[in-house]
file work13.cif (mmCIF, C-alpha atoms)
data_coords
loop_
_atom_site.group_PDB
_atom_site.id
_atom_site.type_symbol
_atom_site.label_atom_id
_atom_site.label_comp_id
_atom_site.auth_asym_id
_atom_site.auth_seq_id
_atom_site.Cartn_x
_atom_site.Cartn_y
_atom_site.Cartn_z
ATOM 1 C CA MET A 1 -13.225 -82.267 -1.654
ATOM 2 C CA ASN A 2 -13.435 -78.467 -1.496
ATOM 3 C CA ARG A 3 -13.757 -76.657 -4.821
ATOM 4 C CA PHE A 4 -13.496 -72.924 -5.498
ATOM 5 C CA ASN A 5 -13.403 -70.871 -8.671
ATOM 6 C CA TRP A 6 -12.449 -67.262 -9.415
ATOM 7 C CA THR A 7 -12.558 -65.270 -12.616
ATOM 8 C CA TYR A 8 -9.696 -62.846 -13.073
ATOM 9 C CA ILE A 9 -9.722 -60.179 -15.819
ATOM 10 C CA ASP A 10 -6.205 -58.926 -16.518
ATOM 11 C CA HIS A 11 -5.027 -55.454 -17.597
ATOM 12 C CA LYS A 12 -5.475 -56.491 -21.230
ATOM 13 C CA ASN A 13 -9.143 -57.249 -20.517
ATOM 14 C CA GLU A 14 -8.613 -60.999 -20.964
ATOM 15 C CA ARG A 15 -10.474 -63.472 -18.733
ATOM 16 C CA HIS A 16 -8.702 -66.147 -16.692
ATOM 17 C CA HIS A 17 -10.568 -68.825 -14.756
ATOM 18 C CA VAL A 18 -8.702 -69.862 -11.615
ATOM 19 C CA GLY A 19 -9.803 -73.041 -9.851
ATOM 20 C CA LEU A 20 -8.862 -74.865 -6.653
ATOM 21 C CA MET A 21 -9.420 -78.454 -5.516
ATOM 22 C CA HIS A 22 -8.467 -79.245 -1.941
ATOM 23 C CA GLY A 23 -8.988 -82.474 -0.002
ATOM 24 C CA ALA A 24 -9.965 -81.471 3.515
ATOM 25 C CA GLN A 25 -8.932 -84.901 4.894
ATOM 26 C CA SER A 26 -5.947 -85.769 2.711
ATOM 27 C CA GLY A 27 -4.669 -82.216 2.217
ATOM 28 C CA ASN A 28 -4.053 -82.824 -1.480
ATOM 29 C CA LEU A 29 -4.156 -79.537 -3.403
ATOM 30 C CA LEU A 30 -4.535 -78.686 -7.075
ATOM 31 C CA VAL A 31 -4.621 -75.123 -8.432
ATOM 32 C CA TYR A 32 -5.165 -74.467 -12.117
ATOM 33 C CA CYS A 33 -5.747 -71.534 -14.472
ATOM 34 C CA ASN A 34 -7.848 -72.167 -17.541
ATOM 35 C CA THR A 35 -6.327 -75.458 -18.784
ATOM 36 C CA ASP A 36 -2.923 -75.028 -17.132
ATOM 37 C CA ILE A 37 -2.011 -76.612 -13.803
ATOM 38 C CA LEU A 38 -0.264 -74.074 -11.582
ATOM 39 C CA ILE A 39 0.237 -75.852 -8.258
ATOM 40 C CA ILE A 40 0.175 -79.440 -7.004
ATOM 41 C CA ASP A 41 0.858 -79.990 -3.329
ATOM 42 C CA PHE A 42 0.186 -82.661 -0.732
ATOM 43 C CA GLN A 43 -0.835 -82.776 2.913
ATOM 44 C CA VAL A 44 -1.823 -79.126 2.993
ATOM 45 C CA LEU A 45 -3.570 -79.306 6.344
ATOM 46 C CA HIS A 46 -2.554 -75.905 7.682
ATOM 47 C CA SER A 47 -2.714 -72.266 6.638
ATOM 48 C CA HIS A 48 -0.533 -71.469 3.690
ATOM 49 C CA THR A 49 -0.113 -68.907 0.896
ATOM 50 C CA TYR A 50 0.973 -69.762 -2.645
ATOM 51 C CA SER A 51 2.372 -67.238 -5.141
ATOM 52 C CA PHE A 52 2.345 -67.574 -8.918
ATOM 53 C CA PHE A 53 2.130 -65.518 -12.107
ATOM 54 C CA ILE A 54 -0.759 -65.369 -14.515
ATOM 55 C CA GLU A 55 0.761 -63.712 -17.555
ATOM 56 C CA GLU A 56 2.452 -60.637 -15.979
ATOM 57 C CA GLU A 57 0.255 -60.501 -12.888
ATOM 58 C CA PHE A 58 1.691 -61.639 -9.556
ATOM 59 C CA CYS A 59 -1.068 -63.580 -7.774
ATOM 60 C CA GLU A 60 -1.507 -65.056 -4.321
ATOM 61 C CA LEU A 61 -3.813 -67.857 -3.265
ATOM 62 C CA SER A 62 -4.287 -68.227 0.485
ATOM 63 C CA ILE A 63 -5.595 -71.144 2.504
ATOM 64 C CA GLU A 64 -6.593 -70.352 6.071
ATOM 65 C CA LYS A 65 -7.468 -73.074 8.550
ATOM 66 C CA THR A 66 -9.986 -71.952 11.145
ATOM 67 C CA ALA A 67 -10.349 -73.052 14.763
ATOM 68 C CA ASP A 68 -13.250 -75.369 13.897
ATOM 69 C CA GLU A 69 -11.133 -77.307 11.356
ATOM 70 C CA GLN A 70 -12.652 -75.524 8.364
ATOM 71 C CA TYR A 71 -10.767 -73.933 5.451
ATOM 72 C CA LEU A 72 -11.158 -70.477 3.965
ATOM 73 C CA TYR A 73 -9.795 -69.752 0.492
ATOM 74 C CA SER A 74 -8.948 -66.420 -1.120
ATOM 75 C CA PHE A 75 -7.443 -65.317 -4.406
ATOM 76 C CA ASP A 76 -5.763 -61.878 -4.554
ATOM 77 C CA LEU A 77 -3.491 -59.806 -6.761
ATOM 78 C CA ASN A 78 -0.264 -58.606 -5.169
ATOM 79 C CA THR A 79 0.158 -55.080 -6.511
ATOM 80 C CA GLU A 80 2.944 -54.188 -4.055
ATOM 81 C CA ALA A 81 5.538 -56.754 -5.089
ATOM 82 C CA ASP A 82 8.430 -55.519 -7.209
ATOM 83 C CA THR A 83 7.398 -56.752 -10.645
ATOM 84 C CA PRO A 84 7.577 -55.072 -14.071
ATOM 85 C CA LEU A 85 3.790 -54.767 -14.201
ATOM 86 C CA ASN A 86 3.582 -53.240 -10.710
ATOM 87 C CA ARG A 87 6.374 -50.796 -11.526
ATOM 88 C CA TYR A 88 4.433 -49.780 -14.627
ATOM 89 C CA ARG A 89 1.293 -49.411 -12.515
ATOM 90 C CA LYS A 90 3.061 -47.109 -10.051
ATOM 91 C CA LYS A 91 4.490 -45.023 -12.865
ATOM 92 C CA LEU A 92 1.059 -44.776 -14.470
ATOM 93 C CA SER A 93 -0.511 -43.966 -11.106
ATOM 94 C CA LYS A 94 1.925 -41.092 -10.584
ATOM 95 C CA LYS A 95 1.172 -39.846 -14.079
ATOM 96 C CA HIS A 96 -2.555 -39.949 -13.382
ATOM 97 C CA LEU A 97 -1.963 -38.226 -10.049
ATOM 98 C CA TRP A 98 -0.097 -35.373 -11.726
ATOM 99 C CA GLN A 99 -2.758 -35.175 -14.415
ATOM 100 C CA SER A 100 -5.447 -35.025 -11.745
ATOM 101 C CA LEU A 101 -3.543 -32.354 -9.835
ATOM 102 C CA ALA A 102 -3.001 -30.399 -13.056
ATOM 103 C CA PHE A 103 -6.697 -30.682 -13.879
ATOM 104 C CA LEU A 104 -7.636 -29.619 -10.351
ATOM 105 C CA ALA A 105 -5.201 -26.691 -10.489
ATOM 106 C CA GLY A 106 -6.561 -25.674 -13.885
ATOM 107 C CA PHE A 107 -10.111 -25.945 -12.602
ATOM 108 C CA LEU A 108 -9.297 -23.833 -9.538
ATOM 109 C CA ILE A 109 -7.534 -21.248 -11.714
ATOM 110 C CA LEU A 110 -10.565 -21.176 -14.006
ATOM 111 C CA VAL A 111 -12.936 -20.726 -11.058
ATOM 112 C CA PHE A 112 -10.669 -18.037 -9.596
ATOM 113 C CA SER A 113 -10.417 -16.265 -12.969
ATOM 114 C CA LEU A 114 -14.174 -16.399 -13.466
ATOM 115 C CA THR A 115 -14.717 -15.084 -9.941
ATOM 116 C CA ILE A 116 -12.267 -12.226 -10.480
ATOM 117 C CA SER A 117 -13.733 -11.510 -13.917
ATOM 118 C CA PHE A 118 -17.268 -11.496 -12.557
ATOM 119 C CA THR A 119 -16.252 -9.257 -9.660
ATOM 120 C CA TYR A 120 -14.433 -6.896 -12.034
ATOM 121 C CA TRP A 121 -17.306 -6.930 -14.525
ATOM 122 C CA ASN A 122 -19.830 -6.312 -11.773
ATOM 123 C CA LYS A 123 -17.798 -3.413 -10.419
ATOM 124 C CA TYR A 124 -17.173 -2.080 -13.936
ATOM 125 C CA ASN A 125 -20.870 -2.373 -14.720
ATOM 126 C CA ASN A 126 -21.749 -0.539 -11.512
ATOM 127 C CA GLN A 127 -19.099 2.072 -12.305
ATOM 128 C CA HIS A 128 -20.527 2.442 -15.815
ATOM 129 C CA GLN A 129 -24.081 2.753 -14.523
ATOM 130 C CA PHE A 130 -22.867 5.143 -11.858
ATOM 131 C CA ALA A 131 -21.006 7.294 -14.380
ATOM 132 C CA TYR A 132 -24.095 7.587 -16.555
ATOM 133 C CA GLY A 133 -26.549 7.945 -13.699
ATOM 134 C CA ASN A 134 -28.397 4.700 -14.334
ATOM 135 C CA GLY A 135 -30.133 4.173 -11.033
ATOM 136 C CA ILE A 136 -27.185 4.048 -8.629
ATOM 137 C CA GLN A 137 -27.486 6.670 -5.897
ATOM 138 C CA GLY A 138 -24.459 8.916 -5.567
ATOM 139 C CA ARG A 139 -23.162 11.592 -3.258
ATOM 140 C CA GLU A 140 -20.636 14.353 -3.905
ATOM 141 C CA THR A 141 -17.674 15.551 -1.890
ATOM 142 C CA ILE A 142 -14.251 17.097 -2.491
ATOM 143 C CA ALA A 143 -11.272 14.980 -3.564
ATOM 144 C CA GLN A 144 -7.655 16.085 -3.360
ATOM 145 C CA ILE A 145 -4.961 15.241 -5.894
ATOM 146 C CA SER A 146 -1.949 13.324 -4.620
ATOM 147 C CA ILE A 147 1.282 12.412 -6.413
ATOM 148 C CA ASP A 148 3.279 9.485 -5.065
ATOM 149 C CA PRO A 149 6.987 10.387 -5.306
ATOM 150 C CA GLU A 150 7.964 6.746 -4.729
ATOM 151 C CA SER A 151 5.946 5.305 -7.617
ATOM 152 C CA GLU A 152 7.386 4.800 -11.073
ATOM 153 C CA GLY A 153 6.682 7.901 -13.127
ATOM 154 C CA LYS A 154 5.082 9.581 -10.075
ATOM 155 C CA LEU A 155 1.538 8.385 -10.602
ATOM 156 C CA VAL A 156 -1.323 10.768 -9.914
ATOM 157 C CA SER A 157 -4.081 9.620 -7.583
ATOM 158 C CA TYR A 158 -6.800 11.268 -5.543
ATOM 159 C CA TYR A 159 -8.326 10.652 -2.166
ATOM 160 C CA PHE A 160 -11.506 11.682 -0.415
ATOM 161 C CA VAL A 161 -13.422 10.957 2.772
ATOM 162 C CA ALA A 162 -16.811 9.231 2.697
ATOM 163 C CA ASN A 163 -18.810 7.841 5.612
ATOM 164 C CA GLY A 164 -15.942 8.683 7.955
ATOM 165 C CA LYS A 165 -13.432 6.620 5.966
ATOM 166 C CA SER A 166 -10.686 7.692 3.567
ATOM 167 C CA TYR A 167 -10.650 6.308 0.023
ATOM 168 C CA ARG A 168 -7.917 6.532 -2.596
ATOM 169 C CA ALA A 169 -8.192 5.958 -6.338
ATOM 170 C CA ASN A 170 -5.429 5.841 -8.933
ATOM 171 C CA THR A 171 -5.608 7.643 -12.257
ATOM 172 C CA LYS A 172 -3.954 6.911 -15.585
ATOM 173 C CA PHE A 173 -2.013 10.174 -15.409
ATOM 174 C CA LYS A 174 1.580 10.822 -14.374
ATOM 175 C CA GLU A 175 3.181 13.971 -13.049
ATOM 176 C CA ASN A 176 4.316 16.313 -15.832
ATOM 177 C CA ALA A 177 2.265 14.268 -18.288
ATOM 178 C CA THR A 178 -1.223 15.257 -17.172
ATOM 179 C CA PRO A 179 -3.731 16.342 -19.802
ATOM 180 C CA PHE A 180 -5.065 19.844 -20.104
ATOM 181 C CA PHE A 181 -8.703 19.824 -19.109
ATOM 182 C CA LYS A 182 -11.527 22.049 -20.327
ATOM 183 C CA HIS A 183 -10.590 24.716 -17.810
ATOM 184 C CA GLY A 184 -7.034 24.725 -19.186
ATOM 185 C CA MET A 185 -5.005 24.245 -16.006
ATOM 186 C CA PRO A 186 -2.734 21.243 -15.323
ATOM 187 C CA LEU A 187 -2.936 18.836 -12.385
ATOM 188 C CA ILE A 188 -0.720 19.629 -9.411
ATOM 189 C CA ALA A 189 -0.545 17.877 -6.054
ATOM 190 C CA GLY A 190 -3.063 19.362 -3.643
ATOM 191 C CA ASP A 191 -5.588 20.385 -6.321
ATOM 192 C CA GLU A 192 -9.214 19.842 -5.331
ATOM 193 C CA PHE A 193 -12.135 18.675 -7.464
ATOM 194 C CA VAL A 194 -15.643 17.367 -6.970
ATOM 195 C CA VAL A 195 -15.885 13.579 -6.760
ATOM 196 C CA LYS A 196 -19.090 11.587 -6.926
ATOM 197 C CA TYR A 197 -19.264 8.215 -5.178
ATOM 198 C CA ALA A 198 -21.844 5.480 -4.733
ATOM 199 C CA ILE A 199 -23.444 5.717 -1.298
ATOM 200 C CA ASP A 200 -23.382 1.948 -0.747
ATOM 201 C CA ASP A 201 -19.849 1.466 -2.101
ATOM 202 C CA PRO A 202 -17.556 4.534 -2.196
ATOM 203 C CA THR A 203 -14.923 2.507 -4.079
ATOM 204 C CA ILE A 204 -17.205 3.150 -7.060
ATOM 205 C CA ASN A 205 -16.449 6.784 -7.722
ATOM 206 C CA GLU A 206 -15.652 9.289 -10.432
ATOM 207 C CA ILE A 207 -13.735 12.524 -10.138
ATOM 208 C CA ASP A 208 -14.764 15.498 -12.275
ATOM 209 C CA TYR A 209 -11.642 17.447 -13.206
ATOM 210 C CA ASN A 210 -13.794 20.161 -14.762
ATOM 211 C CA ARG A 211 -15.454 20.952 -11.430
ATOM 212 C CA PRO A 212 -12.744 22.435 -9.207
ATOM 213 C CA SER A 213 -13.670 23.430 -5.678
ATOM 214 C CA ARG A 214 -14.029 27.108 -4.714
ATOM 215 C CA LYS A 215 -10.710 26.868 -2.942
ATOM 216 C CA GLN A 216 -9.175 25.428 -6.104
ATOM 217 C CA ILE A 217 -10.436 28.329 -8.223
ATOM 218 C CA SER A 218 -8.721 30.676 -5.778
ATOM 219 C CA THR A 219 -5.564 28.557 -6.116
ATOM 220 C CA TYR A 220 -5.723 28.845 -9.918
ATOM 221 C CA ARG A 221 -6.030 32.632 -9.543
ATOM 222 C CA ASN A 222 -2.965 32.790 -7.311
ATOM 223 C CA ARG A 223 -0.929 30.625 -9.705
ATOM 224 C CA ALA A 224 -1.854 32.829 -12.651
ATOM 225 C CA ILE A 225 -0.941 35.971 -10.678
ATOM 226 C CA GLU A 226 2.410 34.512 -9.580
ATOM 227 C CA ARG A 227 3.235 33.431 -13.139
ATOM 228 C CA HIS A 228 2.231 36.808 -14.628
ATOM 229 C CA LEU A 229 4.234 38.669 -11.994
ATOM 230 C CA ALA A 230 7.269 36.448 -12.643
ATOM 231 C CA PHE A 231 7.146 37.229 -16.372
ATOM 232 C CA HIS A 232 6.548 40.963 -15.749
ATOM 233 C CA PRO A 233 8.611 41.969 -12.709
ATOM 234 C CA GLU A 234 8.085 45.644 -13.553
ATOM 235 C CA LEU A 235 4.416 45.279 -12.537
ATOM 236 C CA ASP A 236 3.208 45.182 -8.939
ATOM 237 C CA LEU A 237 1.084 42.542 -7.203
ATOM 238 C CA ASP A 238 -2.101 44.632 -7.137
ATOM 239 C CA TYR A 239 -1.953 45.251 -10.874
ATOM 240 C CA CYS A 240 -1.329 41.581 -11.683
ATOM 241 C CA SER A 241 -4.178 40.582 -9.368
ATOM 242 C CA CYS A 242 -6.481 43.013 -11.162
ATOM 243 C CA VAL A 243 -5.456 41.616 -14.574
ATOM 244 C CA ALA A 244 -6.127 38.056 -13.381
ATOM 245 C CA ASP A 245 -9.573 39.029 -12.075
ATOM 246 C CA ILE A 246 -10.508 40.602 -15.414
ATOM 247 C CA ALA A 247 -9.268 37.530 -17.315
ATOM 248 C CA PHE A 248 -11.352 35.325 -15.033
ATOM 249 C CA LYS A 249 -14.490 37.441 -15.467
ATOM 250 C CA MET A 250 -14.121 37.376 -19.241
ATOM 251 C CA LYS A 251 -13.152 33.728 -19.832
ATOM 252 C CA GLY A 252 -13.424 31.951 -16.508
ATOM 253 C CA ILE A 253 -10.577 29.593 -15.588
ATOM 254 C CA ASN A 254 -9.565 29.533 -19.257
ATOM 255 C CA GLY A 255 -8.616 33.200 -18.883
ATOM 256 C CA LEU A 256 -6.351 32.294 -15.947
ATOM 257 C CA ALA A 257 -4.857 29.514 -18.089
ATOM 258 C CA ASP A 258 -4.002 32.060 -20.810
ATOM 259 C CA LEU A 259 -2.014 34.034 -18.221
ATOM 260 C CA TYR A 260 -0.420 30.890 -16.789
ATOM 261 C CA PHE A 261 0.789 29.574 -20.165
ATOM 262 C CA GLN A 262 1.662 32.947 -21.743
ATOM 263 C CA ARG A 263 5.211 31.838 -22.613
ATOM 264 C CA VAL A 264 4.271 28.382 -23.929
ATOM 265 C CA SER A 265 4.225 27.570 -27.656
ATOM 266 C CA GLU A 266 1.220 26.201 -29.543
ATOM 267 C CA GLU A 267 3.101 22.919 -30.033
ATOM 268 C CA GLU A 268 3.328 22.449 -26.265
ATOM 269 C CA ASN A 269 -0.224 23.580 -25.543
ATOM 270 C CA PRO A 270 -2.531 24.117 -28.543
ATOM 271 C CA LYS A 271 -5.279 25.744 -26.463
ATOM 272 C CA HIS A 272 -3.446 28.032 -24.049
ATOM 273 C CA ASN A 273 -0.184 29.521 -25.252
ATOM 274 C CA ILE A 274 1.599 32.724 -26.171
ATOM 275 C CA ASN A 275 -0.852 33.430 -28.991
ATOM 276 C CA SER A 276 -3.989 32.899 -26.886
ATOM 277 C CA TYR A 277 -2.425 35.189 -24.268
ATOM 278 C CA LYS A 278 -1.801 37.910 -26.849
ATOM 279 C CA ARG A 279 -5.348 37.623 -28.172
ATOM 280 C CA LEU A 280 -6.654 38.063 -24.640
ATOM 281 C CA VAL A 281 -4.567 41.052 -23.556
ATOM 282 C CA ARG A 282 -4.886 42.805 -26.943
ATOM 283 C CA SER A 283 -8.647 42.471 -27.190
ATOM 284 C CA PRO A 284 -10.393 45.878 -26.956
ATOM 285 C CA LYS A 285 -12.710 44.711 -24.191
ATOM 286 C CA PHE A 286 -9.824 43.453 -22.040
ATOM 287 C CA THR A 287 -7.711 46.553 -22.685
ATOM 288 C CA GLN A 288 -10.580 48.859 -21.776
ATOM 289 C CA ARG A 289 -11.309 47.050 -18.512
ATOM 290 C CA VAL A 290 -7.631 47.042 -17.530
ATOM 291 C CA GLU A 291 -7.414 50.797 -18.132
ATOM 292 C CA GLU A 292 -10.582 51.408 -16.129
ATOM 293 C CA LYS A 293 -9.894 49.142 -13.164
ATOM 294 C CA CYS A 294 -6.192 48.357 -12.933
ATOM 295 C CA TRP A 295 -4.376 51.565 -13.856
ATOM 296 C CA ALA A 296 -6.643 53.509 -11.540
ATOM 297 C CA GLN A 297 -5.400 51.529 -8.517
#
call {"tool": "encode", "arguments": {"input": "work13.cif", "output": "structure tokens"}}
result
Amino acid sequence: MNRFNWTYIDHKNERHHVGLMHGAQSGNLLVYCNTDILIIDFQVLHSHTYSFFIEEEFCELSIEKTADEQYLYSFDLNTEADTPLNRYRKKLSKKHLWQSLAFLAGFLILVFSLTISFTYWNKYNNQHQFAYGNGIQGRETIAQISIDPESEGKLVSYYFVANGKSYRANTKFKENATPFFKHGMPLIAGDEFVVKYAIDDPTINEIDYNRPSRKQISTYRNRAIERHLAFHPELDLDYCSCVADIAFKMKGINGLADLYFQRVSEEENPKHNINSYKRLVRSPKFTQRVEEKCWAQ
């Protein structure tokens, strides 16, 4: 008589003892679970599989006859059959799958966010150290202002060449909404200023709007002359050029800004406006120099 026992723990964590008694000569078979008899069969002298339920679990007990007239016994759970418990399992499995995918997606997003944040922080930290000269080597060159006509609000940017490669950086300014810098003149496409960039990484850079190039200073002079001549058509170009040169010698670029904004109110431009222009041209020093240098031309 062949005897086999299995212990099955169901989804409720309850134990079930499954036993088998099989007469190898007679073929008589008895299968029981705990104290309940599940199967009684006779003359089982060949391979066969029996199916039965233990509570809600669909179970299979297999008898396999080998070539040497021996018997192998196995007890398995059929989790593929269409039963209420298996349907619940599949539903729960899908739920766990989605939860796992959601967790994985969240984890990847977190890793990506941390990577981006670290990269941004590292670049910001380098930019901060660079801006304040804390150990990062920099080099200077000339950057040119560019205004993208296709962008919303016509954003102002600047570009420069470093190590044989062109770099572009955006600013927070928009055309016709640019601030008035210390020198007093507004930003216009094509303006040139000194930019400092990190030698190892030119994407770390900072433009200095208060350090126009020599060419840019000449451009400011020409703009002031053109504006002054437009407001005073009775004067000639040589005289207006002389006035601009005196304003520049007395106040630097701020003097040119006074000429440029001579018809602007204080509300529009508190620093350079019609009143600052009048103070300049009516000052004794300015008047004397104009009489000495400009009227004599």
call {"tool": "residues_around", "arguments": {"input": "work13.cif", "residues": "stretch 3-9 of chain A", "least_positions_apart": "5", "cutoff": "10 Å", "atoms": "only C-alpha atoms", "output": "JSON, numbers by chain"}}
result
{"A": [14, 15, 16, 17, 18, 19, 20, 21, 22, 23, 30, 31, 32, 33, 34, 54, 73, 74, 75, 76, 77]}
call {"tool": "atom_distance", "arguments": {"input": "work13.cif", "atom1": "atom CA of A:Lys182", "atom2": "atom CA of A:Asp208"}}
result
10.9 Å
call {"tool": "atom_distance", "arguments": {"input": "work13.cif", "atom1": "atom CA of A:Ala189", "atom2": "atom CA of A:Ala169"}}
result
14.2 Å
call {"tool": "resolve_selection", "arguments": {"input": "work13.cif", "expression": "the PyMOL selection byres ((chain A and resi 275) around 12)", "output": "ChimeraX atom specification"}}
result
/A:258-259,261-267,269-274,276-282
call {"tool": "atom_distance", "arguments": {"input": "work13.cif", "atom1": "atom CA of A:Ala24", "atom2": "atom CA of A:Glu57"}}
result
28.5 Å
call {"tool": "resolve_selection", "arguments": {"input": "work13.cif", "expression": "the PyMOL selection byres ((chain A and resi 222) around 12)", "output": "ChimeraX atom specification"}}
result
/A:215-221,223-229,237-238,240-245,248,253,256-257,259-260
call {"tool": "residues_around", "arguments": {"input": "work13.cif", "residues": "A:Leu85", "least_positions_apart": "3", "cutoff": "12 Å", "atoms": "only C-alpha atoms", "output": "PyMOL selection string"}}
result
chain A and resi 10-12+53-59+77-82+88-92
call {"tool": "residues_around", "arguments": {"input": "work13.cif", "residues": "stretch 170-176 of chain A", "least_positions_apart": "4", "cutoff": "10 Å", "atoms": "only C-alpha atoms", "output": "ChimeraX atom specification"}}
result
/A:145-149,151-159,186-189,207
call {"tool": "residues_near_point", "arguments": {"input": "work13.cif", "point": "(-15.4, 20.5, -15.2)", "cutoff": "10 Å", "atoms": "only C-alpha atoms", "output": "PDB file with C-alpha atoms, in the coordinates of the input"}}
result
ATOM      1  CA  PHE A 181      -8.703  19.824 -19.109  1.00  0.00           C
ATOM      2  CA  LYS A 182     -11.527  22.049 -20.327  1.00  0.00           C
ATOM      3  CA  HIS A 183     -10.590  24.716 -17.810  1.00  0.00           C
ATOM      4  CA  PHE A 193     -12.135  18.675  -7.464  1.00  0.00           C
ATOM      5  CA  VAL A 194     -15.643  17.367  -6.970  1.00  0.00           C
ATOM      6  CA  ILE A 207     -13.735  12.524 -10.138  1.00  0.00           C
ATOM      7  CA  ASP A 208     -14.764  15.498 -12.275  1.00  0.00           C
ATOM      8  CA  TYR A 209     -11.642  17.447 -13.206  1.00  0.00           C
ATOM      9  CA  ASN A 210     -13.794  20.161 -14.762  1.00  0.00           C
ATOM     10  CA  ARG A 211     -15.454  20.952 -11.430  1.00  0.00           C
ATOM     11  CA  PRO A 212     -12.744  22.435  -9.207  1.00  0.00           C
TER      12      PRO A 212
END
